[in-house]
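Report on the following structure.
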There are 2 protein chains.
Amino acid sequence: MQGTSTTTPATTTDAPSRPATTYARTDRTVPTRSADRASYDTELVHSILDEGYVCHLGFVRDGAPVVLPTLYARVGERLYLHGSTGSRPLRMTGKADPGLPVCVTVTHVDGLVLARSAFHHSINYRSVVVHGVAHDVTDPDEKCAALDSLVDHVVPGRAADSRPANRKELAATAVIRLDLEEVSAKVRTGGVNDEPEDLALPHWAGVVPLRKGYEAPLPEADLAPGTDLPDYLAVR
Amino acid sequence: MQGTSTTTPATTTDAPSRPATTYARTDRTVPTRSADRASYDTELVHSILDEGYVCHLGFVRDGAPVVLPTLYARVGERLYLHGSTGSRPLRMTGKADPGLPVCVTVTHVDGLVLARSAFHHSINYRSVVVHGVAHDVTDPDEKCAALDSLVDHVVPGRAADSRPANRKELAATAVIRLDLEEVSAKVRTGGVNDEPEDLALPHWAGVVPLRKGYEAPLPEADLAPGTDLPDYLAVR
């Protein structure tokens, strides 16, 4: 499904760019089951990451796993994750910043797969799992750009149409970064995989697609006079 | 926001039932930030869990966190999580079953909160985080019932309208259970929280609700003649 070229690990704080077309496979990114659903294609990984609003950030605290929903954005081959300086994972990175081992997972549920047999029920989904070590973003310019990217990730074009963070707000916000090096996607698409002997059973079978996109925007009651809905919200 | 009563930890393999109205607070379930958004209300937790299709299962492997999207279902005060016997977390529980420390998180993104200031951009969401130790389900009756609940969690009423798993399929499926003891919800709702001095800025502000529900079901091409769309799919 993919070639065998690899990305070059980033060694500086500059976001890696111009990746090869696939991520290198590792022990952690080759699944033990449904390996045919795995992909290491950078474009596929990027598209899945860019479509999500929230990732699930996993880290280890006192030996036990913790998984928290977290805002994020992708910039080239790097993820930025948002949090206040009071949040647990960021305080852990903040001390001497040896880095925090994390796993970041983004999942889209696209449809419900209803088979004639209970066993073959499934979900059409696209997910990306990123393993790596996250670091606190301390450079002010990188932090400002990362915050812009976090806003633009939610609604592209929005950062330029809002008041930028001031010094106090910047200080109150923590951002961590995680480079996209050890990455895999997993995708299930298509219809039902029933057993041949089940096809004549009288159970309805098929896929129920989930609704995507968003409803009509709800403006605040106290918008400044003449503030219209921006084009970047009207198009979807 | 909640009272101080607690649930009784389960000591048997029977699913706990008739909980108190709130889960007990612990070090792990009291957040270090936005504590006003936290809730320990059992009904709220149940409603968030029941609405999700996929949870994010976190566990520790070789000292590093792993977060995988996983099918699940709630039965009373217990979660059942689905996987094949080849999957990593289940193999880990399978050996002598000391249990696998896990964190299970379910998140719904309900809306995009666009503030006049970049800093106050947010997401309306509802999430539940469950900490605990998961165990392999080995009792055949519990496993069959758990598989039914996994199917019914995706589409209520569906388990009765499908061919039940046979012995071979049951053997090929692993289920782990996790009791709801150390649990918290976190919810953000409502509009924008801009600074008073930003209200006159000419930026549109408001909430963009995300679409929910599902599209028209897509039947397989080879349904048995006379197989109509079931009522449980037509109602939504």
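Ordering of the structure tokens sets the chain letters (A, B, ...); residue numbers start at 1 within each chain; ligands are numbered from 1 in the order shown.
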Taking 6 positions as the minimum chain separation for residues in the same chain, which residues sit within 7 Å of segment 111-122 of chain B when counting only C-alpha atoms? Answer as a PyMOL selection string.
(chain A and resi 151+159+162-165+169) or (chain B and resi 191-194+198+201+203-210)
Could you list, as an NGL selection string, every residue within 6 Å of Gly58 of chain B, counting only C-alpha atoms and ignoring same-chain residues fewer than 5 positions away?
(:A and (65)) or (:B and (66-67 or 102-103))
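Atom CA of Leu71 of chain A sits 7.2 Å away from atom CA of Leu150 of chain A.
For Tyr53 of chain B, the residues within 9 Å (counting only C-alpha atoms, excluding itself and residues fewer than 4 positions away along the chain) are Val109, Leu112 and Ile123 of chain A; Leu49, Thr70, Leu71, Tyr72, Ala73, Val106, His153 and Val154 of chain B.
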Excluding segment 174-178 of chain A and its own-chain neighbours fewer than 4 positions away, which residues fall within 6 Å of it when counting only C-alpha atoms? Please give them as an MDAnalysis selection string.
chainID A and resid 78:85 134:137
The selected residues should be written to file as an mmCIF file, in the first residue's frame (atoms: C-alpha atoms).
```
data_model
loop_
_atom_site.group_PDB
_atom_site.id
_atom_site.type_symbol
_atom_site.label_atom_id
_atom_site.label_comp_id
_atom_site.auth_asym_id
_atom_site.auth_seq_id
_atom_site.Cartn_x
_atom_site.Cartn_y
_atom_site.Cartn_z
ATOM 1 C CA ARG A 78 4.610 18.925 13.700
ATOM 2 C CA LEU A 79 1.625 18.958 16.023
ATOM 3 C CA TYR A 80 0.970 21.728 18.509
ATOM 4 C CA LEU A 81 -1.217 20.921 21.491
ATOM 5 C CA HIS A 82 -2.966 23.466 23.629
ATOM 6 C CA GLY A 83 -3.339 23.690 27.379
ATOM 7 C CA SER A 84 -3.098 26.081 30.265
ATOM 8 C CA THR A 85 0.089 26.107 32.283
ATOM 9 C CA ALA A 134 6.344 16.219 23.528
ATOM 10 C CA HIS A 135 8.188 19.390 24.513
ATOM 11 C CA ASP A 136 7.092 22.693 25.943
ATOM 12 C CA VAL A 137 7.126 25.534 23.396
#
```
Give me every strand (DSSP E) residue in segment 59-148 of chain B, going by DSSP on the backbone, as a PyMOL selection string.
chain B and resi 59-61+64-75+78-84+100-114+122-136
With only C-alpha atoms as the counted atoms, please give the residues lying no more than 7 Å from Leu180 of chain B, apart from itself and same-chain residues fewer than 3 positions off, as a CSV table (one decimal) with C-alpha atoms, in the first residue's frame.
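Full text of out_16.csv as output:
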```
chain,number,residue,atom,x,y,z
B,77,GLU,CA,-21.9,0.8,36.1
B,78,ARG,CA,-19.6,-1.2,33.9
B,130,VAL,CA,-12.7,6.7,33.4
B,183,VAL,CA,-15.1,8.7,36.8
```
Would you list the contacts of Asp36 of chain B as a ChimeraX atom specification, taking every protein, DNA or RNA residue within 12 Å and counting only C-alpha atoms, but skipping same-chain residues closer than 2 positions in sequence?
/B:1-2,30-34,38-40,185-189
Suppose we keep N, CA, C and O atoms; can you now write the selection as a short mmCIF file (atom, residue, chain, number, x, y, z; two decimals), in the first residue's frame?
```
data_model
loop_
_atom_site.label_atom_id
_atom_site.label_comp_id
_atom_site.auth_asym_id
_atom_site.auth_seq_id
_atom_site.Cartn_x
_atom_site.Cartn_y
_atom_site.Cartn_z
N MET B 1 -21.69 21.63 42.83
CA MET B 1 -22.50 21.17 41.71
C MET B 1 -23.07 19.78 41.99
O MET B 1 -24.13 19.44 41.57
N GLN B 2 -22.31 18.97 42.75
CA GLN B 2 -22.80 17.64 43.08
C GLN B 2 -22.71 17.42 44.58
O GLN B 2 -22.05 18.15 45.28
N VAL B 30 -10.25 15.05 39.93
CA VAL B 30 -10.46 16.49 40.15
C VAL B 30 -9.46 17.25 39.27
O VAL B 30 -8.25 17.15 39.50
N PRO B 31 -9.93 17.96 38.26
CA PRO B 31 -9.00 18.60 37.33
C PRO B 31 -8.25 19.76 37.96
O PRO B 31 -8.74 20.40 38.89
N THR B 32 -7.05 20.01 37.44
CA THR B 32 -6.25 21.12 37.94
C THR B 32 -6.65 22.43 37.29
O THR B 32 -6.23 23.50 37.73
N ARG B 33 -7.42 22.36 36.21
CA ARG B 33 -7.90 23.59 35.58
C ARG B 33 -9.36 23.42 35.18
O ARG B 33 -9.83 22.31 35.00
N SER B 34 -10.06 24.55 35.07
CA SER B 34 -11.48 24.53 34.70
C SER B 34 -12.26 23.54 35.56
O SER B 34 -13.09 22.79 35.07
N ALA B 38 -16.13 20.44 35.72
CA ALA B 38 -16.13 19.02 36.08
C ALA B 38 -17.43 18.62 36.74
O ALA B 38 -18.06 19.43 37.44
N SER B 39 -17.83 17.40 36.52
CA SER B 39 -19.03 16.87 37.15
C SER B 39 -18.81 15.40 37.48
O SER B 39 -18.07 14.69 36.78
N TYR B 40 -19.48 14.96 38.54
CA TYR B 40 -19.36 13.56 38.96
C TYR B 40 -20.75 12.92 38.98
O TYR B 40 -20.93 11.85 39.55
N ALA B 185 -16.87 13.69 34.51
CA ALA B 185 -17.27 14.30 33.24
C ALA B 185 -16.75 15.72 33.22
O ALA B 185 -16.43 16.31 34.26
N LYS B 186 -16.61 16.27 32.02
CA LYS B 186 -16.25 17.67 31.89
C LYS B 186 -17.06 18.21 30.74
O LYS B 186 -17.14 17.60 29.67
N VAL B 187 -17.67 19.37 30.95
CA VAL B 187 -18.62 19.90 29.98
C VAL B 187 -18.40 21.39 29.81
O VAL B 187 -18.27 22.12 30.80
N ARG B 188 -18.33 21.84 28.57
CA ARG B 188 -18.42 23.27 28.28
C ARG B 188 -19.62 23.49 27.39
O ARG B 188 -19.78 22.83 26.36
N THR B 189 -20.50 24.41 27.79
CA THR B 189 -21.66 24.75 26.98
C THR B 189 -21.75 26.27 26.90
O THR B 189 -20.99 26.99 27.55
#
```
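Checking B:Glu182, B:Leu68, B:Pro98, B:Arg167 one by one against chain A, counting only C-alpha atoms, you find the shortest gap at B:Leu68.
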